[in-house]
Amino acid sequence: MFTPSDVTAVGSGPAGRAAAQQPPAPGGSGAADAPRIVPRRHLGRQATAVLALLVLAMVVNSVVRNDAFQWAVVGRYFAATAVLDGLLLTLWLTGAVMVLGFLLGTVLAVMRLSANPVLRTLSWGYVWIFRSTPLLVQLLFWFNIGALYPTLGLGVPFGPQFVTVETVNLLGPTLTAVIGLTLHETAYAAEVVRGGILSVDSGQTEAAQALGLSRRRTLRRIVIPQAMRSIVPTAGNMLIGTLKGTSIVSVLAVHDLLYSVQLVYNQTYQVIPLLMVATLWYIAVTTVLGAGQFYVERYYARGNVRALPPTPLQRLRARRRPGTGVPGPTWWVRTRR
């Protein structure tokens, strides 16, 4: 800290008198005379960006100007009735499999975390079997279940059966696809839910027990809401993977999006443009699901972070109106709009 004597000594010297005799800078103060800070130039980064844009332009040009894609045919079949029917069945399969898979997976996760050794063993065995078997093998197995069990009955074990149904008439291609995909999805959903539950601090459960809450209520009101922060990102990836994975049911002659497209190009022999139709629909639906996943993750992050990530609309507003107090896309803000 400077004292008055120090200030006088500094100002009384030759350098101080020369500085005092200089006129102040027009329209500013002494701070304006400070050296200007020049940001460092990242030439390698700029060169890499230019090279990446050049490669992207070449790829886009090759796709747009390649006559083999037959974009006119793509536009003609993009909203065709057969394609839209297949898309609806794909969306229905995805939704049904995800809901059933996570419901059963939650039960298996609770069983795996149970103190009962029988329940833990059964849950572990289920996950082990269905994660070790390829999905296509499972679907083919369920499609040919009639060869192993011609009839299914309900009755007394080792005794008479009251209701008997032929398996061939019971399981059609669509129902077989739902069963196979659901059982496969359940094994992975169980591990996702179990990981989310284990991510919650054990002190939360101990505090709930100290308040006299039951185990069921503790799990439903305290553990699961906090576990959703870890479950949602992986569940979103599983949802997108299930959407694309439903294309494998085309081997069972289920009229999903891919099978509907195959039926069309088997008649017209326009394979590439019809495959592009399916590709564009998968990209469109996946983009919508990815946007929904962002907002769900943002919702469950409210109680964990001090500031929420800005939405695309907030980023656009910040760019159009700089200086409004909303940081750029690399910062996190907390808003309630």
# chains A, B, ... in the order shown; residues from 1 in each chain; ligands from 1
call {"tool": "residues_around", "arguments": {"residues": "Val163 in chain A", "least_positions_apart": "5", "cutoff": "7 Å", "atoms": "only C-alpha atoms", "output": "MDAnalysis selection string"}}
result
chainID A and resid 153:155
call {"tool": "write_last_selection", "arguments": {"atoms": "N, CA, C and O atoms", "output": "PDB file, in the first residue's frame"}}
result
ATOM      1  N   GLY A 153     -50.681 -74.705 -21.888  1.00  0.00           N
ATOM      2  CA  GLY A 153     -51.867 -74.930 -21.069  1.00  0.00           C
ATOM      3  C   GLY A 153     -51.747 -74.281 -19.716  1.00  0.00           C
ATOM      4  O   GLY A 153     -50.652 -73.958 -19.232  1.00  0.00           O
ATOM      5  N   LEU A 154     -52.904 -74.071 -19.090  1.00  0.00           N
ATOM      6  CA  LEU A 154     -52.995 -73.494 -17.749  1.00  0.00           C
ATOM      7  C   LEU A 154     -53.747 -74.486 -16.872  1.00  0.00           C
ATOM      8  O   LEU A 154     -54.877 -74.857 -17.172  1.00  0.00           O
ATOM      9  N   GLY A 155     -53.097 -74.907 -15.803  1.00  0.00           N
ATOM     10  CA  GLY A 155     -53.725 -75.878 -14.922  1.00  0.00           C
ATOM     11  C   GLY A 155     -52.870 -76.162 -13.721  1.00  0.00           C
ATOM     12  O   GLY A 155     -52.005 -75.365 -13.340  1.00  0.00           O
TER      13      GLY A 155
END
call {"tool": "select_by_dssp", "arguments": {"residues": "range 26-81 of chain A", "states": "helix (DSSP H, G or I)", "output": "number ranges by chain"}}
result
A: 30-33, 43-64, 67-69, 71-77, 81
call {"tool": "write_last_selection", "arguments": {"atoms": "N, CA and C atoms", "output": "tab-separated table (two decimals), in the first residue's frame"}}
result
chain	number	residue	atom	x	y	z
A	30	GLY	N	-6.15	7.40	-18.02
A	30	GLY	CA	-4.89	6.70	-18.04
A	30	GLY	C	-5.05	5.23	-18.37
A	31	ALA	N	-6.22	4.65	-18.07
A	31	ALA	CA	-6.43	3.23	-18.36
A	31	ALA	C	-6.46	2.96	-19.85
A	32	ALA	N	-6.77	3.99	-20.64
A	32	ALA	CA	-6.82	3.79	-22.09
A	32	ALA	C	-5.43	3.62	-22.69
A	33	ASP	N	-4.40	4.04	-21.94
A	33	ASP	CA	-3.05	3.90	-22.46
A	33	ASP	C	-2.46	2.52	-22.22
A	43	LEU	N	-3.43	-21.13	-35.52
A	43	LEU	CA	-3.39	-21.42	-36.95
A	43	LEU	C	-3.71	-22.88	-37.23
A	44	GLY	N	-3.24	-23.78	-36.37
A	44	GLY	CA	-3.54	-25.20	-36.59
A	44	GLY	C	-5.02	-25.50	-36.46
A	45	ARG	N	-5.65	-24.86	-35.49
A	45	ARG	CA	-7.09	-25.07	-35.32
A	45	ARG	C	-7.87	-24.53	-36.52
A	46	GLN	N	-7.49	-23.37	-37.01
A	46	GLN	CA	-8.18	-22.80	-38.17
A	46	GLN	C	-7.96	-23.66	-39.41
A	47	ALA	N	-6.75	-24.14	-39.60
A	47	ALA	CA	-6.48	-24.99	-40.76
A	47	ALA	C	-7.27	-26.29	-40.69
A	48	THR	N	-7.37	-26.86	-39.49
A	48	THR	CA	-8.15	-28.10	-39.33
A	48	THR	C	-9.63	-27.85	-39.62
A	49	ALA	N	-10.15	-26.70	-39.17
A	49	ALA	CA	-11.55	-26.39	-39.43
A	49	ALA	C	-11.81	-26.21	-40.92
A	50	VAL	N	-10.90	-25.53	-41.60
A	50	VAL	CA	-11.06	-25.34	-43.05
A	50	VAL	C	-11.01	-26.68	-43.78
A	51	LEU	N	-10.09	-27.54	-43.36
A	51	LEU	CA	-9.99	-28.86	-43.98
A	51	LEU	C	-11.24	-29.70	-43.74
A	52	ALA	N	-11.78	-29.63	-42.52
A	52	ALA	CA	-12.99	-30.39	-42.21
A	52	ALA	C	-14.18	-29.88	-43.04
A	53	LEU	N	-14.29	-28.55	-43.17
A	53	LEU	CA	-15.37	-28.01	-43.99
A	53	LEU	C	-15.21	-28.39	-45.45
A	54	LEU	N	-13.98	-28.45	-45.92
A	54	LEU	CA	-13.74	-28.84	-47.30
A	54	LEU	C	-14.16	-30.30	-47.55
A	55	VAL	N	-13.80	-31.17	-46.61
A	55	VAL	CA	-14.20	-32.58	-46.74
A	55	VAL	C	-15.72	-32.71	-46.68
A	56	LEU	N	-16.37	-31.97	-45.76
A	56	LEU	CA	-17.83	-32.01	-45.67
A	56	LEU	C	-18.48	-31.53	-46.95
A	57	ALA	N	-17.95	-30.46	-47.54
A	57	ALA	CA	-18.51	-29.95	-48.80
A	57	ALA	C	-18.37	-30.98	-49.91
A	58	MET	N	-17.25	-31.69	-49.94
A	58	MET	CA	-17.06	-32.71	-50.96
A	58	MET	C	-18.06	-33.86	-50.79
A	59	VAL	N	-18.30	-34.26	-49.53
A	59	VAL	CA	-19.25	-35.35	-49.28
A	59	VAL	C	-20.66	-34.93	-49.67
A	60	VAL	N	-21.06	-33.72	-49.25
A	60	VAL	CA	-22.41	-33.24	-49.58
A	60	VAL	C	-22.57	-33.11	-51.09
A	61	ASN	N	-21.56	-32.61	-51.76
A	61	ASN	CA	-21.64	-32.47	-53.22
A	61	ASN	C	-21.77	-33.83	-53.90
A	62	SER	N	-21.02	-34.83	-53.40
A	62	SER	CA	-21.11	-36.15	-54.01
A	62	SER	C	-22.47	-36.80	-53.80
A	63	VAL	N	-23.12	-36.49	-52.67
A	63	VAL	CA	-24.45	-37.07	-52.40
A	63	VAL	C	-25.52	-36.36	-53.21
A	64	VAL	N	-25.45	-35.03	-53.26
A	64	VAL	CA	-26.51	-34.27	-53.92
A	64	VAL	C	-26.44	-34.44	-55.44
A	67	ASP	N	-26.46	-39.03	-59.41
A	67	ASP	CA	-27.76	-39.42	-59.98
A	67	ASP	C	-28.22	-40.79	-59.51
A	68	ALA	N	-27.31	-41.60	-58.95
A	68	ALA	CA	-27.69	-42.94	-58.51
A	68	ALA	C	-28.64	-42.90	-57.32
A	69	PHE	N	-28.64	-41.81	-56.55
A	69	PHE	CA	-29.56	-41.71	-55.42
A	69	PHE	C	-31.01	-41.50	-55.88
A	71	TRP	N	-33.09	-38.76	-56.37
A	71	TRP	CA	-33.81	-37.98	-55.35
A	71	TRP	C	-35.27	-37.75	-55.74
A	72	ALA	N	-35.59	-37.76	-57.01
A	72	ALA	CA	-37.00	-37.63	-57.41
A	72	ALA	C	-37.80	-38.84	-56.93
A	73	VAL	N	-37.22	-40.02	-57.02
A	73	VAL	CA	-37.89	-41.22	-56.53
A	73	VAL	C	-38.01	-41.18	-55.01
A	74	VAL	N	-36.98	-40.67	-54.35
A	74	VAL	CA	-37.03	-40.55	-52.89
A	74	VAL	C	-38.19	-39.64	-52.47
A	75	GLY	N	-38.33	-38.51	-53.15
A	75	GLY	CA	-39.43	-37.61	-52.82
A	75	GLY	C	-40.80	-38.22	-53.12
A	76	ARG	N	-40.89	-39.06	-54.13
A	76	ARG	CA	-42.17	-39.65	-54.48
A	76	ARG	C	-42.61	-40.70	-53.46
A	77	TYR	N	-41.69	-41.46	-52.91
A	77	TYR	CA	-42.04	-42.53	-51.97
A	77	TYR	C	-41.86	-42.13	-50.51
A	81	THR	N	-48.12	-44.33	-48.72
A	81	THR	CA	-48.96	-44.96	-47.70
A	81	THR	C	-48.29	-46.18	-47.08
call {"tool": "select_by_dssp", "arguments": {"residues": "range 120-162 of chain A", "states": "strand (DSSP E or B)", "output": "PDB file with C-alpha atoms, in the first residue's frame"}}
result
ATOM      1  CA  THR A 151     -49.482 -76.326 -27.020  1.00  0.00           C
ATOM      2  CA  LEU A 152     -49.540 -74.129 -23.942  1.00  0.00           C
ATOM      3  CA  GLY A 153     -51.867 -74.930 -21.069  1.00  0.00           C
ATOM      4  CA  LEU A 154     -52.995 -73.494 -17.749  1.00  0.00           C
ATOM      5  CA  GLY A 155     -53.725 -75.878 -14.922  1.00  0.00           C
ATOM      6  CA  GLN A 161     -54.910 -78.603 -17.524  1.00  0.00           C
ATOM      7  CA  PHE A 162     -57.967 -76.393 -17.692  1.00  0.00           C
TER       8      PHE A 162
END
call {"tool": "closest_residue", "arguments": {"among": "A:Leu122, A:Leu93, A:Pro225, A:Ser202", "to": "Ile179 in chain A", "atoms": "only C-alpha atoms"}}
result
A:Leu93
call {"tool": "residues_around", "arguments": {"residues": "Ser230 in chain A", "least_positions_apart": "5", "cutoff": "12 Å", "atoms": "only C-alpha atoms", "output": "PyMOL selection string"}}
result
chain A and resi 191-200+223-225+235-236+296-297+300-301+304
call {"tool": "write_last_selection", "arguments": {"atoms": "C-alpha atoms", "output": "PDB file, in the first residue's frame"}}
result
ATOM      1  CA  GLU A 191     -28.876 -53.017 -15.383  1.00  0.00           C
ATOM      2  CA  VAL A 192     -29.590 -49.386 -16.252  1.00  0.00           C
ATOM      3  CA  VAL A 193     -32.097 -49.031 -13.407  1.00  0.00           C
ATOM      4  CA  ARG A 194     -29.824 -50.868 -10.980  1.00  0.00           C
ATOM      5  CA  GLY A 195     -26.934 -48.556 -11.845  1.00  0.00           C
ATOM      6  CA  GLY A 196     -29.156 -45.526 -11.335  1.00  0.00           C
ATOM      7  CA  ILE A 197     -30.318 -46.754  -7.934  1.00  0.00           C
ATOM      8  CA  LEU A 198     -26.754 -47.463  -6.837  1.00  0.00           C
ATOM      9  CA  SER A 199     -25.733 -43.932  -7.866  1.00  0.00           C
ATOM     10  CA  VAL A 200     -27.930 -42.452  -5.116  1.00  0.00           C
ATOM     11  CA  VAL A 223     -34.460 -43.062  -4.527  1.00  0.00           C
ATOM     12  CA  ILE A 224     -36.071 -43.327  -7.979  1.00  0.00           C
ATOM     13  CA  PRO A 225     -36.464 -39.530  -8.550  1.00  0.00           C
ATOM     14  CA  ALA A 235     -32.429 -44.798 -21.369  1.00  0.00           C
ATOM     15  CA  GLY A 236     -32.442 -42.218 -24.158  1.00  0.00           C
ATOM     16  CA  VAL A 296     -35.974 -34.664 -20.003  1.00  0.00           C
ATOM     17  CA  GLU A 297     -32.359 -34.572 -18.820  1.00  0.00           C
ATOM     18  CA  TYR A 300     -34.236 -34.012 -13.835  1.00  0.00           C
ATOM     19  CA  ALA A 301     -31.075 -31.906 -13.439  1.00  0.00           C
ATOM     20  CA  ASN A 304     -28.503 -31.228  -8.855  1.00  0.00           C
TER      21      ASN A 304
END
call {"tool": "residues_around", "arguments": {"residues": "Val137 in chain A", "least_positions_apart": "4", "cutoff": "12 Å", "atoms": "only C-alpha atoms", "output": "PyMOL selection string"}}
result
chain A and resi 130-133+141-144+177+180-181+184+248-249+251-252
